[in-house]
Each structure stands twice: as structure tokens, then as C-alpha cells.
file data00.pdb (PDB, C-alpha atoms)
ATOM      1  CA  MET Q   1       0.000   0.000   0.000
ATOM      2  CA  LYS Q   2       2.832   2.355   0.918
ATOM      3  CA  TYR Q   3       4.627   1.584  -2.327
ATOM      4  CA  ALA Q   4       1.452   2.185  -4.353
ATOM      5  CA  ARG Q   5       1.052   5.646  -2.858
ATOM      6  CA  LEU Q   6       4.705   6.434  -3.457
ATOM      7  CA  THR Q   7       4.438   5.241  -7.049
ATOM      8  CA  LEU Q   8       1.297   7.344  -7.628
ATOM      9  CA  SER Q   9       2.992  10.392  -6.083
ATOM     10  CA  LEU Q  10       6.056  10.004  -8.308
ATOM     11  CA  LEU Q  11       3.870   9.474 -11.365
ATOM     12  CA  ALA Q  12       1.816  12.599 -10.580
ATOM     13  CA  ALA Q  13       4.992  14.636 -10.038
ATOM     14  CA  GLY Q  14       6.354  13.435 -13.379
ATOM     15  CA  LEU Q  15       3.148  14.382 -15.183
ATOM     16  CA  LEU Q  16       3.132  17.837 -13.599
ATOM     17  CA  ALA Q  17       6.754  18.380 -14.585
ATOM     18  CA  ALA Q  18       5.970  17.386 -18.161
ATOM     19  CA  CYS Q  19       3.048  19.820 -18.290
ATOM     20  CA  SER Q  20       5.119  22.731 -17.104
ATOM     21  CA  SER Q  21       7.294  23.012 -20.205
ATOM     22  CA  ALA Q  22       8.015  26.535 -21.387
ATOM     23  CA  PRO Q  23       6.329  27.775 -24.556
ATOM     24  CA  SER Q  24       8.341  27.770 -27.752
ATOM     25  CA  THR Q  25      10.177  31.025 -28.455
ATOM     26  CA  ASP Q  26      11.126  30.412 -32.059
ATOM     27  CA  GLY Q  27      10.011  33.924 -32.997
ATOM     28  CA  GLN Q  28       7.033  32.847 -35.072
ATOM     29  CA  GLY Q  29       3.577  33.767 -33.818
ATOM     30  CA  ALA Q  30       0.188  32.633 -34.953
ATOM     31  CA  ALA Q  31      -0.842  33.461 -38.488
ATOM     32  CA  VAL Q  32      -2.921  36.621 -38.850
ATOM     33  CA  GLU Q  33      -5.730  36.882 -41.390
ATOM     34  CA  ASP Q  34      -5.304  39.783 -43.793
ATOM     35  CA  ARG Q  35      -8.538  41.787 -43.963
ATOM     36  CA  SER Q  36      -7.127  44.928 -45.479
ATOM     37  CA  SER Q  37      -8.386  44.290 -49.012
ATOM     38  CA  ALA Q  38     -11.972  45.098 -49.969
ATOM     39  CA  SER Q  39     -14.308  42.158 -50.064
ATOM     40  CA  THR Q  40     -17.649  41.686 -51.766
ATOM     41  CA  SER Q  41     -18.968  39.951 -48.676
ATOM     42  CA  GLY Q  42     -18.734  43.083 -46.536
ATOM     43  CA  VAL Q  43     -21.366  45.721 -45.848
ATOM     44  CA  GLY Q  44     -22.810  47.126 -49.006
ATOM     45  CA  GLY Q  45     -22.083  44.080 -51.187
ATOM     46  CA  SER Q  46     -24.110  41.458 -49.344
ATOM     47  CA  GLY Q  47     -27.389  43.123 -48.509
ATOM     48  CA  VAL Q  48     -26.462  43.519 -44.828
ATOM     49  CA  ALA Q  49     -28.243  46.453 -43.232
ATOM     50  CA  THR Q  50     -26.343  49.538 -42.184
ATOM     51  CA  VAL Q  51     -26.165  49.704 -38.405
ATOM     52  CA  ASN Q  52     -25.666  52.832 -36.317
ATOM     53  CA  ALA Q  53     -23.052  53.009 -33.557
ATOM     54  CA  ASP Q  54     -25.719  52.181 -30.968
ATOM     55  CA  GLY Q  55     -26.583  48.927 -32.791
ATOM     56  CA  LYS Q  56     -29.919  50.141 -34.192
ATOM     57  CA  LEU Q  57     -30.947  49.646 -37.797
ATOM     58  CA  SER Q  58     -30.273  52.745 -39.802
ATOM     59  CA  GLY Q  59     -33.449  54.489 -40.897
ATOM     60  CA  ALA Q  60     -31.819  54.932 -44.304
ATOM     61  CA  ALA Q  61     -31.327  51.161 -44.615
ATOM     62  CA  TYR Q  62     -35.012  50.222 -44.225
ATOM     63  CA  PRO Q  63     -37.155  53.351 -43.985
ATOM     64  CA  GLU Q  64     -40.335  51.290 -44.453
ATOM     65  CA  LEU Q  65     -39.869  49.870 -40.947
ATOM     66  CA  LYS Q  66     -40.225  53.345 -39.432
ATOM     67  CA  ASP Q  67     -42.758  54.888 -41.816
ATOM     68  CA  PRO Q  68     -46.084  55.162 -39.911
ATOM     69  CA  LYS Q  69     -47.941  54.894 -43.239
ATOM     70  CA  ASN Q  70     -46.365  51.497 -43.899
ATOM     71  CA  ILE Q  71     -47.824  48.336 -42.339
ATOM     72  CA  LEU Q  72     -44.271  47.255 -41.396
ATOM     73  CA  SER Q  73     -44.130  50.007 -38.774
ATOM     74  CA  LYS Q  74     -46.781  48.083 -36.826
ATOM     75  CA  ARG Q  75     -45.051  45.419 -34.753
ATOM     76  CA  SER Q  76     -47.605  43.939 -32.337
ATOM     77  CA  VAL Q  77     -50.035  41.070 -32.766
ATOM     78  CA  LEU Q  78     -52.712  41.167 -30.055
ATOM     79  CA  PHE Q  79     -54.249  37.998 -28.636
ATOM     80  CA  ASP Q  80     -57.507  37.142 -26.905
ATOM     81  CA  TYR Q  81     -57.550  36.291 -23.204
ATOM     82  CA  ASP Q  82     -55.844  32.963 -22.453
ATOM     83  CA  SER Q  83     -55.199  32.391 -26.172
ATOM     84  CA  TYR Q  84     -52.262  32.107 -28.529
ATOM     85  CA  VAL Q  85     -54.227  31.947 -31.773
ATOM     86  CA  ILE Q  86     -53.439  34.753 -34.218
ATOM     87  CA  LYS Q  87     -56.626  36.660 -34.997
ATOM     88  CA  ASP Q  88     -57.653  37.100 -38.648
ATOM     89  CA  GLN Q  89     -57.238  40.871 -38.387
ATOM     90  CA  TYR Q  90     -53.462  40.412 -37.817
ATOM     91  CA  ARG Q  91     -52.841  38.054 -40.748
ATOM     92  CA  PRO Q  92     -52.046  40.902 -43.219
ATOM     93  CA  LEU Q  93     -49.526  42.292 -40.715
ATOM     94  CA  VAL Q  94     -47.807  38.925 -40.294
ATOM     95  CA  GLU Q  95     -47.838  38.401 -44.077
ATOM     96  CA  ALA Q  96     -46.240  41.816 -44.690
ATOM     97  CA  HIS Q  97     -43.444  41.108 -42.202
ATOM     98  CA  ALA Q  98     -42.924  37.662 -43.732
ATOM     99  CA  LYS Q  99     -42.624  39.160 -47.207
ATOM    100  CA  PHE Q 100     -40.096  41.709 -45.913
ATOM    101  CA  LEU Q 101     -38.009  39.036 -44.171
ATOM    102  CA  VAL Q 102     -38.045  36.730 -47.203
ATOM    103  CA  SER Q 103     -36.789  39.577 -49.385
ATOM    104  CA  HIS Q 104     -34.095  40.482 -46.809
ATOM    105  CA  PRO Q 105     -32.592  37.103 -45.774
ATOM    106  CA  LYS Q 106     -29.802  38.662 -43.678
ATOM    107  CA  VAL Q 107     -32.260  40.466 -41.397
ATOM    108  CA  LYS Q 108     -33.266  38.709 -38.191
ATOM    109  CA  MET Q 109     -36.356  39.085 -36.046
ATOM    110  CA  LEU Q 110     -36.974  38.517 -32.352
ATOM    111  CA  ILE Q 111     -40.579  37.824 -31.380
ATOM    112  CA  GLN Q 112     -41.378  38.648 -27.759
ATOM    113  CA  GLY Q 113     -44.468  37.001 -26.274
ATOM    114  CA  ASN Q 114     -46.257  39.047 -23.609
ATOM    115  CA  THR Q 115     -49.189  38.544 -21.244
ATOM    116  CA  ASP Q 116     -51.284  40.640 -18.924
ATOM    117  CA  GLU Q 117     -50.666  40.620 -15.171
ATOM    118  CA  ARG Q 118     -53.253  37.979 -14.362
ATOM    119  CA  GLY Q 119     -52.043  34.445 -13.792
ATOM    120  CA  SER Q 120     -48.969  33.042 -12.069
ATOM    121  CA  ARG Q 121     -45.473  33.918 -13.227
ATOM    122  CA  GLU Q 122     -44.936  30.395 -14.567
ATOM    123  CA  TYR Q 123     -48.260  30.359 -16.415
ATOM    124  CA  ASN Q 124     -47.607  33.769 -17.972
ATOM    125  CA  LEU Q 125     -44.121  32.787 -19.110
ATOM    126  CA  ALA Q 126     -45.522  29.645 -20.762
ATOM    127  CA  LEU Q 127     -48.387  31.547 -22.420
ATOM    128  CA  GLY Q 128     -46.022  34.289 -23.602
ATOM    129  CA  GLN Q 129     -43.800  31.636 -25.190
ATOM    130  CA  LYS Q 130     -46.788  30.064 -26.955
ATOM    131  CA  ARG Q 131     -47.738  33.487 -28.347
ATOM    132  CA  ALA Q 132     -44.208  34.184 -29.578
ATOM    133  CA  ASP Q 133     -44.003  30.701 -31.095
ATOM    134  CA  ALA Q 134     -47.369  31.163 -32.851
ATOM    135  CA  VAL Q 135     -46.079  34.279 -34.624
ATOM    136  CA  LYS Q 136     -42.772  32.531 -35.399
ATOM    137  CA  LYS Q 137     -44.594  29.512 -36.847
ATOM    138  CA  ALA Q 138     -46.861  31.727 -38.988
ATOM    139  CA  LEU Q 139     -43.824  33.569 -40.385
ATOM    140  CA  GLY Q 140     -42.102  30.249 -41.050
ATOM    141  CA  LEU Q 141     -45.129  28.911 -42.915
ATOM    142  CA  LEU Q 142     -44.984  32.041 -45.074
ATOM    143  CA  GLY Q 143     -41.411  31.235 -46.141
ATOM    144  CA  VAL Q 144     -39.200  32.970 -43.583
ATOM    145  CA  SER Q 145     -36.033  31.025 -42.804
ATOM    146  CA  GLU Q 146     -35.874  29.496 -39.324
ATOM    147  CA  GLY Q 147     -32.441  31.079 -38.883
ATOM    148  CA  GLN Q 148     -33.953  34.553 -39.169
ATOM    149  CA  LEU Q 149     -36.406  34.026 -36.306
ATOM    150  CA  GLU Q 150     -36.119  33.748 -32.545
ATOM    151  CA  SER Q 151     -38.950  33.635 -30.046
ATOM    152  CA  VAL Q 152     -38.831  34.454 -26.356
ATOM    153  CA  SER Q 153     -41.367  34.939 -23.594
ATOM    154  CA  LEU Q 154     -41.373  38.021 -21.413
ATOM    155  CA  GLY Q 155     -44.544  36.963 -19.607
ATOM    156  CA  GLU Q 156     -45.970  39.954 -17.750
ATOM    157  CA  GLU Q 157     -42.570  41.662 -17.352
ATOM    158  CA  LYS Q 158     -42.873  44.227 -20.184
ATOM    159  CA  PRO Q 159     -46.399  45.669 -20.133
ATOM    160  CA  SER Q 160     -47.336  48.302 -22.696
ATOM    161  CA  CYS Q 161     -50.012  49.563 -20.280
ATOM    162  CA  SER Q 162     -49.749  49.535 -16.488
ATOM    163  CA  ASP Q 163     -53.379  50.176 -15.500
ATOM    164  CA  SER Q 164     -55.658  47.400 -14.289
ATOM    165  CA  GLY Q 165     -58.662  46.895 -16.494
ATOM    166  CA  GLU Q 166     -59.739  45.043 -19.618
ATOM    167  CA  SER Q 167     -58.559  47.629 -22.167
ATOM    168  CA  CYS Q 168     -55.108  47.689 -20.607
ATOM    169  CA  TRP Q 169     -54.935  43.905 -20.198
ATOM    170  CA  ALA Q 170     -55.906  43.516 -23.870
ATOM    171  CA  ALA Q 171     -53.005  45.768 -24.913
ATOM    172  CA  ASN Q 172     -50.579  43.631 -22.903
ATOM    173  CA  ARG Q 173     -51.651  40.320 -24.504
ATOM    174  CA  ARG Q 174     -49.365  40.564 -27.512
ATOM    175  CA  GLY Q 175     -46.473  39.314 -29.564
ATOM    176  CA  ASP Q 176     -43.967  42.057 -30.452
ATOM    177  CA  MET Q 177     -41.808  41.750 -33.578
ATOM    178  CA  LEU Q 178     -38.374  43.379 -33.312
ATOM    179  CA  TYR Q 179     -35.832  43.530 -36.105
ATOM    180  CA  SER Q 180     -32.042  43.220 -35.939
ATOM    181  CA  GLY Q 181     -30.635  46.185 -34.054
ATOM    182  CA  GLU Q 182     -33.858  46.798 -32.122
ATOM    183  CA  PHE Q 183     -33.139  44.180 -29.469
TER     184      PHE Q 183
END

call {"tool": "encode", "arguments": {"input": "data00.pdb", "output": "C-alpha cells"}}
result
Amino acid sequence: MKYARLTLSLLAAGLLAACSSAPSTDGQGAAVEDRSSASTSGVGGSGVATVNADGKLSGAAYPELKDPKNILSKRSVLFDYDSYVIKDQYRPLVEAHAKFLVSHPKVKMLIQGNTDERGSREYNLALGQKRADAVKKALGLLGVSEGQLESVSLGEEKPSCSDSGESCWAANRRGDMLYSGEF
């Protein structure tokens, strides 16, 4: 038993000594990629949106997203109480966003599912996720690439209205669509 411990100790010391070798100082470092030449895959040649310093989409890149006269400026799909079925009145909105995303394959969208304050935290998070997933699925069925879409539940954590009452609760039962640079 004593000899086994001694043998293990010597073996461990030998392994540690082998691991402590000094790095090579032959004067050659790691290769560095040369990115100084212009590339057609950079901004401007690939359809990638111009982004401001704060990470927001440039209004010049996609002005239709900010134009109040354009359907794309509307970003919320409202849901009925305890439901995650997209109402018929929001189908044209979802279709317009799908068409935009299909024509701009580099642009990504985050769908945030929201609920009103009623219900437990766990229930609201689950319902918010179902709402976000419903919008994501509808966009996917309309041809949007899965890689462009992400869905997340905010539950009751990001209300658009803080009063208690049916009109306010109705405004909080929604799925919000945010584009790259807006989240």
C-alpha cells in the first residue's frame, strides 16, 4: 500500500513536470488573417443592413420599418384572453413582415411574447412563449427562414399599459416583432 502511494505520487509529479514546459520562443507567432483588401462579402455588397453606432438599424437602410404609413411600422399582434391563436385581423400584418423578411434574408427578427398581469409567473411565461411561437410559426409557414427568427417569452414583465382593467390587459396580450438592431 505504501509503495502504491509512493508510485502514484512520483507518477503525478512526473506528469506535472511534463506539463510545465516553457512555450516555444522560435520567434514565429500565430498566423494573422489579412482583412485589409476590400471584399464583396462586406457591408454594401451582401445586402447587410447599415447599423448605427448604438446597434440600431439605420433608418436609411429600411425606412419602411419606421414609416407610420407602412404596415411594417406596426409590430404587435394582439391575442384574446388565455389564447395564442393569431386573430384574422393580424394576418395581413404577419404576411407583410414575412414578405419583408423573405426579401431580406440577412435580417433577423426577435418575437417577444407578452401577457397581462393575471395568472402566475410560470403560467404567464408559458403563455407568452406560446404566443411568440405562434407568430414565429406563422412567419415560417410564409417562407421565412428558421435562422432569421427567434422567439422568447417576457410573460408579464414588459407591459405596454400599467393600469388594471380590460382595455389595458388587452393591450398587454401581444407578440412584439423586433428587427435586428432593435433588441

call {"tool": "residues_around", "arguments": {"input": "data00.pdb", "residues": "Q:Val94", "least_positions_apart": "4", "cutoff": "10 Å", "atoms": "all atoms listed in the file", "output": "list in words"}}
result
Ile71, Leu72, Lys74, Arg75, Ser76, Val77, Ile86, Gln89, Tyr90, Ala98, Lys99, Phe100, Val135, Lys136, Ala138, Leu139, Leu142 and Met177 of chain Q

call {"tool": "atom_distance", "arguments": {"input": "data00.pdb", "atom1": "atom CA of Q:Met109", "atom2": "atom CA of Q:Asp163"}}
result
28.9 Å

call {"tool": "resolve_selection", "arguments": {"input": "data00.pdb", "expression": "the PyMOL selection byres ((chain Q and resi 126) around 12)", "output": "JSON, numbers by chain"}}
result
{"Q": [82, 83, 84, 113, 114, 115, 119, 120, 121, 122, 123, 124, 125, 127, 128, 129, 130, 131, 132, 133, 152, 153, 154, 155, 156]}

call {"tool": "atom_distance", "arguments": {"input": "data00.pdb", "atom1": "atom CA of Q:Gln148", "atom2": "atom CA of Q:Phe79"}}
result
23.1 Å

call {"tool": "atom_distance", "arguments": {"input": "data00.pdb", "atom1": "atom CA of Q:Asp116", "atom2": "atom CA of Q:Arg173"}}
result
5.6 Å

call {"tool": "closest_residue", "arguments": {"input": "data00.pdb", "among": "Q:Asn172, Q:Ser180, Q:Gln112, Q:Asn70", "to": "Q:Pro159", "atoms": "only C-alpha atoms"}}
result
Q:Asn172

call {"tool": "resolve_selection", "arguments": {"input": "data00.pdb", "expression": "the PyMOL selection byres ((chain Q and resi 150) around 6)", "output": "count of residues only"}}
result
3

call {"tool": "closest_residue", "arguments": {"input": "data00.pdb", "among": "Q:Asp80, Q:Ile111, Q:Leu65, Q:Asp88", "to": "Q:Phe183", "atoms": "all atoms listed in the file"}}
result
Q:Ile111

call {"tool": "closest_residue", "arguments": {"input": "data00.pdb", "among": "Q:Tyr81, Q:Asp67, Q:Tyr179, Q:His97", "to": "Q:Ser167", "atoms": "all atoms listed in the file"}}
result
Q:Tyr81

call {"tool": "closest_residue", "arguments": {"input": "data00.pdb", "among": "Q:Ser160, Q:Pro92, Q:Leu101, Q:Gly140", "to": "Q:Gly175", "atoms": "all atoms listed in the file"}}
result
Q:Ser160

call {"tool": "residues_around", "arguments": {"input": "data00.pdb", "residues": "Q:Val102", "least_positions_apart": "5", "cutoff": "8 Å", "atoms": "all atoms listed in the file", "output": "number ranges by chain"}}
result
Q: 143-145

call {"tool": "axis_aligned_box", "arguments": {"input": "data00.pdb", "around": "stretch 115-132 of chain Q", "padding_each_side": "6 Å", "output": "JSON"}}
result
{"center_x": -48.5, "center_y": 35.1, "center_z": -20.8, "size_x": 21.5, "size_y": 23.0, "size_z": 29.5}
